[in-house]
Structures are given as C-alpha cells and as structure tokens.
Amino acid sequence: MLLRETEHRRFRWRLWMLPAGFLLLFTVFFARQIYAVLFLIFNIFYTALGGKPFPLPPDLIQSTLIILFNCLGGFFLVAIIWLGLVSAQALLPITSSYEFWDDLRQFEPFRRVQEVYRTAFHLFLHIIRRHGMAVFVRDGQIIAAAEELDREGAGVVVVDYNSAVVLEEGVPPPSLIRVFWRIIEIILIMLGLRDRYESPRVRGAGITFTRPRERIRAVVDLRPQFRVRKSVSAYTRDGIELTANVWVLFAVGQRPEYTALHIAYVDGGRRAEDLRVVTLEPVAGTNRLRVSGFADTLDDADRREVHRYARAMTRLQDYRPYTPLPERPPYPDFIWSRVFEAVFAQARSGNQQLLPWTELPTLVASEFFRQIVSQHNFDEFFQHDLAPGRNRQRLRQELATFMRNNGVLCYRLLIHRENQPLQAGREYEEAELLVSPFQMMNTPKVLRERGILVSASGFSEISPVSPLIEQQHLETWAAPWRREEDIEIGEGELDALRLQGQWTAAMQEDLFNALVETYQDTHLSQEALAIRVLQALEKAAADPQTRVLLPENALNIMRDLHNWLLPGESGMTGRRREG
C-alpha cells in the first residue's frame with residue numbers, strides 16, 4: 001500500500017469507512033455527554049471573549065469523565081496496542097543509529113522493543129498522512145512510484161540482502177520556526193524515533209527510516225557484477241587496428257579475505273625483488289599442502305609495501321599457525337566504506353560526464369588492453385613461432401593480473417616454522433607453516449580507491465578491423481608453405497631427370513656393347529652384319545621406357561629398314577604398327 005498508493009485510492013476510501021462508522025456510533029450513543037463537553041468548551045471561549053458565562057449542566061463532570069475514558073482507554077490505548085502488534089510483525093532488522101541509551105541497545109530484548117515502537121511511530125505518521133517516501137530496494141534497483149521519491153517527510157527504505165543504499169540530506173530552508181523544529185528533532189532523537197544527522201550515510205539490508213529531508217543518492221548491487229565493453233579498438237606496434245570485447249568480473253560486496261594472496265620470499269632472499277605469490281594446493285585426504293609454484297605477479301608498488309610490512313613482522317614475530325582461507329558465504333557482504341567509495345569516487349569520461357562505478361572496471365581494462373596490444377606486432381597475436389611465450393593466452397593472463405592488482409587486494413605472509421625457504425613441488429604439513437594476519441594493500445590504485453574487487457578479466461578473440469588485413473595475413477601465412485611445396489616439387493623433378501639420365505646412359509652403354517660385339521664378329525657378311533645391327537636396335541626399341549625416349553618417326557624408319565633387309569618377314573616394328 002505504501003509503494004502503490006496512487007493505485008489504491010478506492011481501497012483507502014473504503015478503509016476509512018470503518019473508523020468513520022465507529023465514530024458515528026460513538027456520537028449516537030454518547031450524544032448527551034459529547035454535547036456537555038462541547039458546551040463546556042464553548043462556554044470557556046465565550047467567557048474569554050468577555051461574554052457572560054452560561055450555567056453549566058449538573059452532570060458535566062460525569063460526562064467529561066466518560067468522554068475522557070472512552071478517548072484514552074477506548075481509542076488511544078487500543079490504537080497504541082494495535083500499532084504495536086502490527087509493527088511487531090516486521091521481520092527485517094531496522095538499520096538505525098541512536099545517541100541515547102547506546103549501551104542498553106546491546107541487549108537484544110531492549111533493541112527489539114525500540115524497533116517495534118519506532119516502526120509504530122512511522123506507521124502512525126502514515127495513518128495521519130505525514131509520512132515521506134516509501135521505497136523498496138531489490139537487487140540494486142529502486143522499486144517505487146515516481147511521486148514516492150519526491151515526497152517530503154520521514155520515510156522508510158526497505159533494502160534486501162543483495163543491495164545497499166546511500167542517503168543524502170538536503171539543507172533546510174531558512175525559517176522563523178526552525179529553532180522550534182530543531183527542539184522537536186532533538187526530542188525525537190533522544191526517544192529513538194529519529195536518527196541523528198549523518199549525511200551522507202550508507203545502509204545495508206533491513207528497514208531504514210529516513211529523516212524528513214533525506215533523499216536517495218544511489219543504490220548499489222552488492223552481488224558480483226559482469227560487464228563487457230564491446231569492440232574495443234587498439235593499434236599494434238606496426239600500426240594495424242584490432243578490435244576485441246573486453247570483460248571484467250568485479251564486486252564491492254565481497255571481502256578480499258576470501259581470495260587473499262599468500263606471499264613469501266624465495267631462494268632465501270630478503271629483498272623486495274625476492275617476493276613471490278605462492279600457490280598452495282591441499283593434498284586430498286591429508287593435512288598437507290603442496291607448493292605448486294611461485295608467480296612474479298606483484299607490481300613494484302605493492303611489492304615495496306609488502307616488503308615494508310614483512311620487515312616489521314620480522315621484528316614483531318606476530319605469526320600464527322596456518323589456517324585455510326575463509327569460505328565465501330552464499331550472500332554478499334555489506335562493507336559500508338567500499339559502498340561509499342564506489343558511489344562518491346566517480347570518474348569522468350572523455351566528454352566530462354560522470355561514470356557510474358559499474359562502468360569504471362571495463363574502462364580501465366580497455367586502456368590496459370590498448371597498452372599491451374601496442375607493444376606487439378600483428379603477427380605475434382596469430383603466429384606462435386614468431387613470438388614464443390607471447391601468445392594471446394599469455395596476454396589474457398597479463399590483463400587479468402593487472403586488473404587483480406588494480407582492485408582491492410588482501411594478502412598474508414607465508415613462512416616456514418624453521419625459516420627454511422619454501423620449495424616448489426614440495427609438500428608441507430600445515431603445522432610447519434606460519435602466516436601473518438590478513439593485511440590490506442593500501443597503495444593507491446584506480447579501482448582500489450573505489451572499493452572495487454576484481455575477480456577475473458579478459459578479452460575475446462582479436463580480429464583486425466579491415467578484412468583486407470586478414471586476407472593479407474592469410475596469404476602471408478600460406479607463403480612459406482607454398483614455397484616449401486614448390487621446392488619439394490622442383491627437387492622431385494630434378495631427381496626424376498637425374499634418374500632418367502642415368503637410365504638413358506645405361507641403355508646407350510648396353511646398345512654400344514651389343515654393336516661392338518656385332519662388328520667384332522669377322523665371320524659375318526655385310527648383309528648378316530646389317531641384320532644383326534637391325535636386331536640390336538629393335539631389341540632396344542622393344543623396351544617401353546626406351547620407346548618413350550625415341551623420336552616419333554624412329555619406329556617408321558626401323559620398319560622400313562627391316563622390310564628392305566628382310567622382305568616378306570614381319571618384324572617387331574611391323575607387328576607393332578599393325579597392332
């Protein structure tokens with residue numbers, strides 16, 4: 001009814017008919033007593049104005065006592081009991097502050113009584129229509145009619161466990177009765193019916209009663225937030241424009257202790273340069289921890305801060321036995337200082353417009369993305385052999401580390417109980433390790449000063465803006481393969497020519513030997529010698545590989561020679577032609 005008052009006027013009119021009916025019945029049954037009391041009031045005013053008083057009714061005292069008893073006992077007392085019973089049904093805690101009886105508020109029963117009668121007081125203000133705004137904040141969104149936010153007077157804001165609200169109070173206008181209202185306000189504060197002046201103020205889950213001139217400055221969603229900045233443009237070192245989507249997962253309602261870093265000196269060193277982030281993995285089924293590795297992911301400013309704290313811990317020796325990191329609860333954490341910083345430490349965009357705190361992480365990530373892209377050539381993002389260790393996954397990890405270090409960060413120093421240097425890959429009993437208390441990083445950073453904790457960040461696949469760049473890159477990438485293919489084909493053809501030459505030389509040598517043997521036979525006549533020579537040539541031509549090397553008309557010439565020397569016989573060349 002508070003949130004949708006404009007939509008329930010008919011319902012309110014019917015609601016007022018009930019007390020109006022009781023008032024009418026009271027007037028009918030006690031008409032004579034009411035008349036006597038009204039006559040007394042009229043007689044008093046008439047006499048004060050100089051008139052002659054009228055004689056009073058004989059039963060005036062009895063009528064006055066009856067009216068007072070009905071008003072105080074029948075109406076006022078019943079109304080108070082009814083307001084108390086209705087207000088006691090409030091389930092959410094009242095997030096308020098008092099200057100009076102602060103010590104007594106530590107007792108749960110007394111605090112509950114204060115919450116009930118304060119709720120009853122604001123319910124009474126609503127009944128007499130002197131209440132202010134009535135707003136419900138759910139999941140970081142204001143749920144209220146537009147006219148509710150502009151209503152003046154003491155109001156109420158109901159906040160769920162996923163949200164927080166920031167309130168600001170305006171300056172009251174000058175007035176002659178301002179001192180009078182200030183006295184009333186002091187009395188209400190002493191009675192616990194109004195919060196003391198605190199502007200701005202941050203409130204979490206529960207019922208928050210606002211002061212008459214307070215307004216909502218902002219509401220904050222305490223749950224993890226995921227934001228993506230699409231088509232972020234960046235230029236490589238060789239001047240090629242690339243685009244990618246940059247995303248960040250962050251929150252202001254998460255304690256950094258849940259993801260605290262373990263930091264230790266490595267290799268027995270005690271300099272700031274020897275500090276490393278230690279990754280611990282519990283060994284299943286045991287109380288042992290494995291040091292899976294050391295990471296040099298701290299920037300110089302944070303490293304110097306940790307080094308100063310480590311030197312102080314060396315003197316204080318305030319180490320304690322190792323305990324696992326606390327588990328993250330299923331609901332967000334309300335940390336008023338971080339909500340305050342996120343709302344009021346706003347940044348400005350290029351056109352000098354204030355940016356909400358939810359847009360700042362992606363803006364910072366985009367700027368760093370442009371920075372790391374500008375340090376590499378275009379080919380380094382696509383060809384791993386041109387830039388070993390500088391592939392896209394490595395750049396994503398670099399961006400994630402930078403964003404983590406830029407936000408709210410917590411750490412613990414980790415040492416061995418006997419001051420032995422930790423070794424990667426080795427397992428340790430939990431009793432062998434000591435840790436320092438949780439310590440917050442205080443070095444100023446853009447997101448850290450605004451209470452933002454970054455859980456993860458990265459970017460999507462990188463692509464060039466111009467399609468010609470991608471086509472040219474494809475051709476450049478294929479050029480070495482094509483060159484290797486041409487070289488292999490040329491080498492194969494060269495080997496084939498070399499083998500063909502060797503085989504030709506071998507055939508020529510065989511033919512030469514056959515001809516030499518024929519000519520050395522002195523018993524043959526010239527005609528027999530010619531036939532022997534023709535038979536040697538036909539034998540060489542009968543080989544298919546040799547025939548491929550002969551001229552096109554060589555077989556015709558050999559057939560004519562055969563017909564001339566041996567007419568009437570079908571030689572090899574003739575049978576070949578007929579076939």
# chains A, B, ... in the order shown; residues from 1 in each chain; ligands from 1
$ closest_atom_pairs --of "range 181-260 of chain A" --to "range 139-161 of chain A" --cutoff "12 Å" --atoms "only C-alpha atoms" --output "tab-separated table"
residue	atom	partner	partner_atom	distance
A:Glu185	CA	A:Ala154	CA	11.4
A:Leu188	CA	A:Ala154	CA	11.8
A:Leu193	CA	A:Ala154	CA	10.3
A:Arg194	CA	A:Ala154	CA	8.6
A:Asp195	CA	A:Ala154	CA	10.4
A:Val202	CA	A:Val159	CA	11.4
A:Arg203	CA	A:Val159	CA	8.3
A:Gly204	CA	A:Val159	CA	6.5
A:Ala205	CA	A:Val159	CA	4.8
A:Gly206	CA	A:Val159	CA	5.3
A:Ile207	CA	A:Val158	CA	4.6
A:Thr208	CA	A:Val157	CA	5.1
A:Phe209	CA	A:Val156	CA	4.4
A:Thr210	CA	A:Gly155	CA	5.1
A:Arg211	CA	A:Ala154	CA	4.9
A:Pro212	CA	A:Gly153	CA	4.0
A:Arg213	CA	A:Glu152	CA	6.6
A:Glu214	CA	A:Ala154	CA	8.2
A:Arg215	CA	A:Leu149	CA	7.5
A:Ile216	CA	A:Leu149	CA	8.0
A:Arg217	CA	A:Leu149	CA	10.9
A:Ala218	CA	A:Gly140	CA	9.2
A:Val219	CA	A:Gly140	CA	5.7
A:Val220	CA	A:Gly140	CA	5.0
A:Asp221	CA	A:Gly140	CA	4.0
A:Leu222	CA	A:Gly140	CA	7.5
A:Arg223	CA	A:Asp139	CA	8.1
A:Pro224	CA	A:Asp139	CA	11.2
A:Gln225	CA	A:Gly140	CA	11.0
A:Gly253	CA	A:Tyr161	CA	10.4
$ write_last_selection --atoms "C-alpha atoms" --output "PDB file, in the first residue's frame"
ATOM      1  CA  GLU A 185      14.015  16.821  16.419  1.00  0.00           C
ATOM      2  CA  LEU A 188      12.721  12.565  18.804  1.00  0.00           C
ATOM      3  CA  LEU A 193      12.308   7.840  16.972  1.00  0.00           C
ATOM      4  CA  ARG A 194      14.685   9.519  14.546  1.00  0.00           C
ATOM      5  CA  ASP A 195      18.338   9.013  13.538  1.00  0.00           C
ATOM      6  CA  VAL A 202      25.194   4.177   3.844  1.00  0.00           C
ATOM      7  CA  ARG A 203      22.761   1.470   4.924  1.00  0.00           C
ATOM      8  CA  GLY A 204      22.569  -2.215   4.117  1.00  0.00           C
ATOM      9  CA  ALA A 205      19.864  -4.864   4.388  1.00  0.00           C
ATOM     10  CA  GLY A 206      16.908  -4.057   6.633  1.00  0.00           C
ATOM     11  CA  ILE A 207      14.468  -1.222   7.278  1.00  0.00           C
ATOM     12  CA  THR A 208      15.964   2.269   7.206  1.00  0.00           C
ATOM     13  CA  PHE A 209      13.829   5.153   8.429  1.00  0.00           C
ATOM     14  CA  THR A 210      14.827   8.326   6.652  1.00  0.00           C
ATOM     15  CA  ARG A 211      14.956  11.834   8.005  1.00  0.00           C
ATOM     16  CA  PRO A 212      12.460  14.365   6.580  1.00  0.00           C
ATOM     17  CA  ARG A 213      14.887  15.879   4.065  1.00  0.00           C
ATOM     18  CA  GLU A 214      16.861  12.797   3.136  1.00  0.00           C
ATOM     19  CA  ARG A 215      16.889  11.564  -0.433  1.00  0.00           C
ATOM     20  CA  ILE A 216      18.388   8.520  -2.128  1.00  0.00           C
ATOM     21  CA  ARG A 217      21.723   9.393  -3.707  1.00  0.00           C
ATOM     22  CA  ALA A 218      22.377   5.933  -5.173  1.00  0.00           C
ATOM     23  CA  VAL A 219      21.688   2.233  -4.742  1.00  0.00           C
ATOM     24  CA  VAL A 220      24.376  -0.410  -5.125  1.00  0.00           C
ATOM     25  CA  ASP A 221      24.083  -4.047  -6.105  1.00  0.00           C
ATOM     26  CA  LEU A 222      26.412  -5.976  -3.796  1.00  0.00           C
ATOM     27  CA  ARG A 223      26.419  -9.111  -5.938  1.00  0.00           C
ATOM     28  CA  PRO A 224      29.294  -9.804  -8.390  1.00  0.00           C
ATOM     29  CA  GLN A 225      28.915  -7.675 -11.493  1.00  0.00           C
ATOM     30  CA  GLY A 253      30.139  -6.766  -1.741  1.00  0.00           C
TER      31      GLY A 253
END
$ residues_around --residues "Val266 in chain A" --least-positions-apart "6" --cutoff "7 Å" --atoms "only C-alpha atoms" --output "PDB file with C-alpha atoms, in the first residue's frame"
ATOM      1  CA  ASP A 274      62.514 -11.843  -3.913  1.00  0.00           C
ATOM      2  CA  LEU A 275      58.809 -11.687  -3.015  1.00  0.00           C
ATOM      3  CA  ARG A 276      56.578 -14.076  -4.927  1.00  0.00           C
ATOM      4  CA  PRO A 421      62.977 -21.383   2.134  1.00  0.00           C
ATOM      5  CA  LEU A 422      59.897 -22.849   0.522  1.00  0.00           C
TER       6      LEU A 422
END
$ residues_around --residues "range 258-264 of chain A" --least-positions-apart "5" --cutoff "9 Å" --atoms "only C-alpha atoms" --output "VMD selection string"
chain A and resid 274 to 280 294 306 325 to 328 409 to 415 421 to 422 435 438 to 439 455
$ residues_around --residues "Leu360 in chain A" --least-positions-apart "4" --cutoff "9 Å" --atoms "only C-alpha atoms" --output "list in words"
Gln346, Ala347, Leu355, Pro356, Val364, Ala365, Val446 and Leu447 of chain A
$ residues_around --residues "range 176-183 of chain A" --least-positions-apart "6" --cutoff "12 Å" --atoms "only C-alpha atoms" --output "JSON, numbers by chain"
{"A": [189, 190, 196, 197, 212]}
$ write_last_selection --atoms "N, CA and C atoms" --output "compact mmCIF listing (two decimals), in the first residue's frame"
# COMPACT_ATOMS: atom_id res chain seq x y z
N ILE A 189 15.14 12.34 18.62
CA ILE A 189 16.40 11.58 18.60
C ILE A 189 16.65 10.95 19.96
N MET A 190 16.39 11.69 21.03
CA MET A 190 16.58 11.13 22.38
C MET A 190 15.64 9.97 22.64
N ARG A 196 20.15 10.42 14.18
CA ARG A 196 20.87 11.69 14.23
C ARG A 196 21.34 12.09 12.85
N TYR A 197 21.73 13.32 12.71
CA TYR A 197 22.16 13.85 11.40
C TYR A 197 23.44 13.16 10.97
N PRO A 212 13.43 13.68 7.46
CA PRO A 212 12.46 14.37 6.58
C PRO A 212 13.05 14.88 5.28
$ atom_distance --atom1 "CA of Pro282 in chain A" --atom2 "CA of Arg426 in chain A"
11.8 Å
$ closest_residue --among "A:Arg338, A:Arg394, A:Arg118, A:Arg483" --to "Val166 in chain A" --atoms "only C-alpha atoms"
A:Arg338
$ select_by_dssp --residues "range 207-398 of chain A" --states "strand (DSSP E or B)" --output "PyMOL selection string"
chain A and resi 207-209+214-221+225-235+241-251+261-265+275-282+288-295+320-321+347-348+354-355
$ atom_distance --atom1 "CA of Ala496 in chain A" --atom2 "CA of Ala479 in chain A"
25.7 Å
$ closest_atom_pairs --of "range 383-481 of chain A" --to "range 230-245 of chain A" --cutoff "8 Å" --atoms "only C-alpha atoms" --output "Markdown table"
| residue | atom | partner | partner_atom | distance |
| --- | --- | --- | --- | --- |
| A:Phe459 | CA | A:Asn245 | CA | 5.4 |
| A:Ser460 | CA | A:Asn245 | CA | 5.3 |
| A:Glu461 | CA | A:Ala244 | CA | 6.1 |
| A:Ile462 | CA | A:Ala244 | CA | 5.0 |
| A:Ser463 | CA | A:Leu242 | CA | 5.6 |
| A:Pro464 | CA | A:Leu242 | CA | 4.3 |
| A:Val465 | CA | A:Leu242 | CA | 5.6 |
| A:Ser466 | CA | A:Glu241 | CA | 7.9 |
$ write_last_selection --atoms "N, CA and C atoms" --output "PDB file, in the first residue's frame"
ATOM      1  N   PHE A 459      39.736 -10.850 -22.503  1.00  0.00           N
ATOM      2  CA  PHE A 459      39.220 -10.302 -23.756  1.00  0.00           C
ATOM      3  C   PHE A 459      38.929 -11.455 -24.702  1.00  0.00           C
ATOM      4  N   SER A 460      38.059 -11.197 -25.652  1.00  0.00           N
ATOM      5  CA  SER A 460      37.646 -12.216 -26.610  1.00  0.00           C
ATOM      6  C   SER A 460      38.692 -12.355 -27.718  1.00  0.00           C
ATOM      7  N   GLU A 461      38.339 -13.083 -28.774  1.00  0.00           N
ATOM      8  CA  GLU A 461      39.247 -13.255 -29.899  1.00  0.00           C
ATOM      9  C   GLU A 461      39.534 -11.905 -30.574  1.00  0.00           C
ATOM     10  N   ILE A 462      40.791 -11.706 -30.898  1.00  0.00           N
ATOM     11  CA  ILE A 462      41.207 -10.455 -31.540  1.00  0.00           C
ATOM     12  C   ILE A 462      41.024 -10.593 -33.049  1.00  0.00           C
ATOM     13  N   SER A 463      40.507  -9.557 -33.651  1.00  0.00           N
ATOM     14  CA  SER A 463      40.299  -9.568 -35.104  1.00  0.00           C
ATOM     15  C   SER A 463      40.640  -8.209 -35.673  1.00  0.00           C
ATOM     16  N   PRO A 464      41.222  -8.152 -36.867  1.00  0.00           N
ATOM     17  CA  PRO A 464      41.532  -6.855 -37.489  1.00  0.00           C
ATOM     18  C   PRO A 464      40.256  -6.165 -37.947  1.00  0.00           C
ATOM     19  N   VAL A 465      40.325  -4.851 -37.987  1.00  0.00           N
ATOM     20  CA  VAL A 465      39.161  -4.071 -38.408  1.00  0.00           C
ATOM     21  C   VAL A 465      38.909  -4.240 -39.899  1.00  0.00           C
ATOM     22  N   SER A 466      39.959  -4.153 -40.704  1.00  0.00           N
ATOM     23  CA  SER A 466      39.820  -4.261 -42.154  1.00  0.00           C
ATOM     24  C   SER A 466      39.886  -5.730 -42.577  1.00  0.00           C
TER      25      SER A 466
END
$ atom_distance --atom1 "CA of Gly407 in chain A" --atom2 "CA of Phe369 in chain A"
16.3 Å
$ closest_residue --among "A:Tyr35, A:Trp357, A:Asp267, A:Tyr331" --to "Leu60 in chain A" --atoms "only C-alpha atoms"
A:Tyr35
$ residues_around --residues "Thr314 in chain A" --least-positions-apart "2" --cutoff "12 Å" --atoms "only C-alpha atoms" --output "PyMOL selection string"
chain A and resi 270+307-312+316-319+413+415+419+436
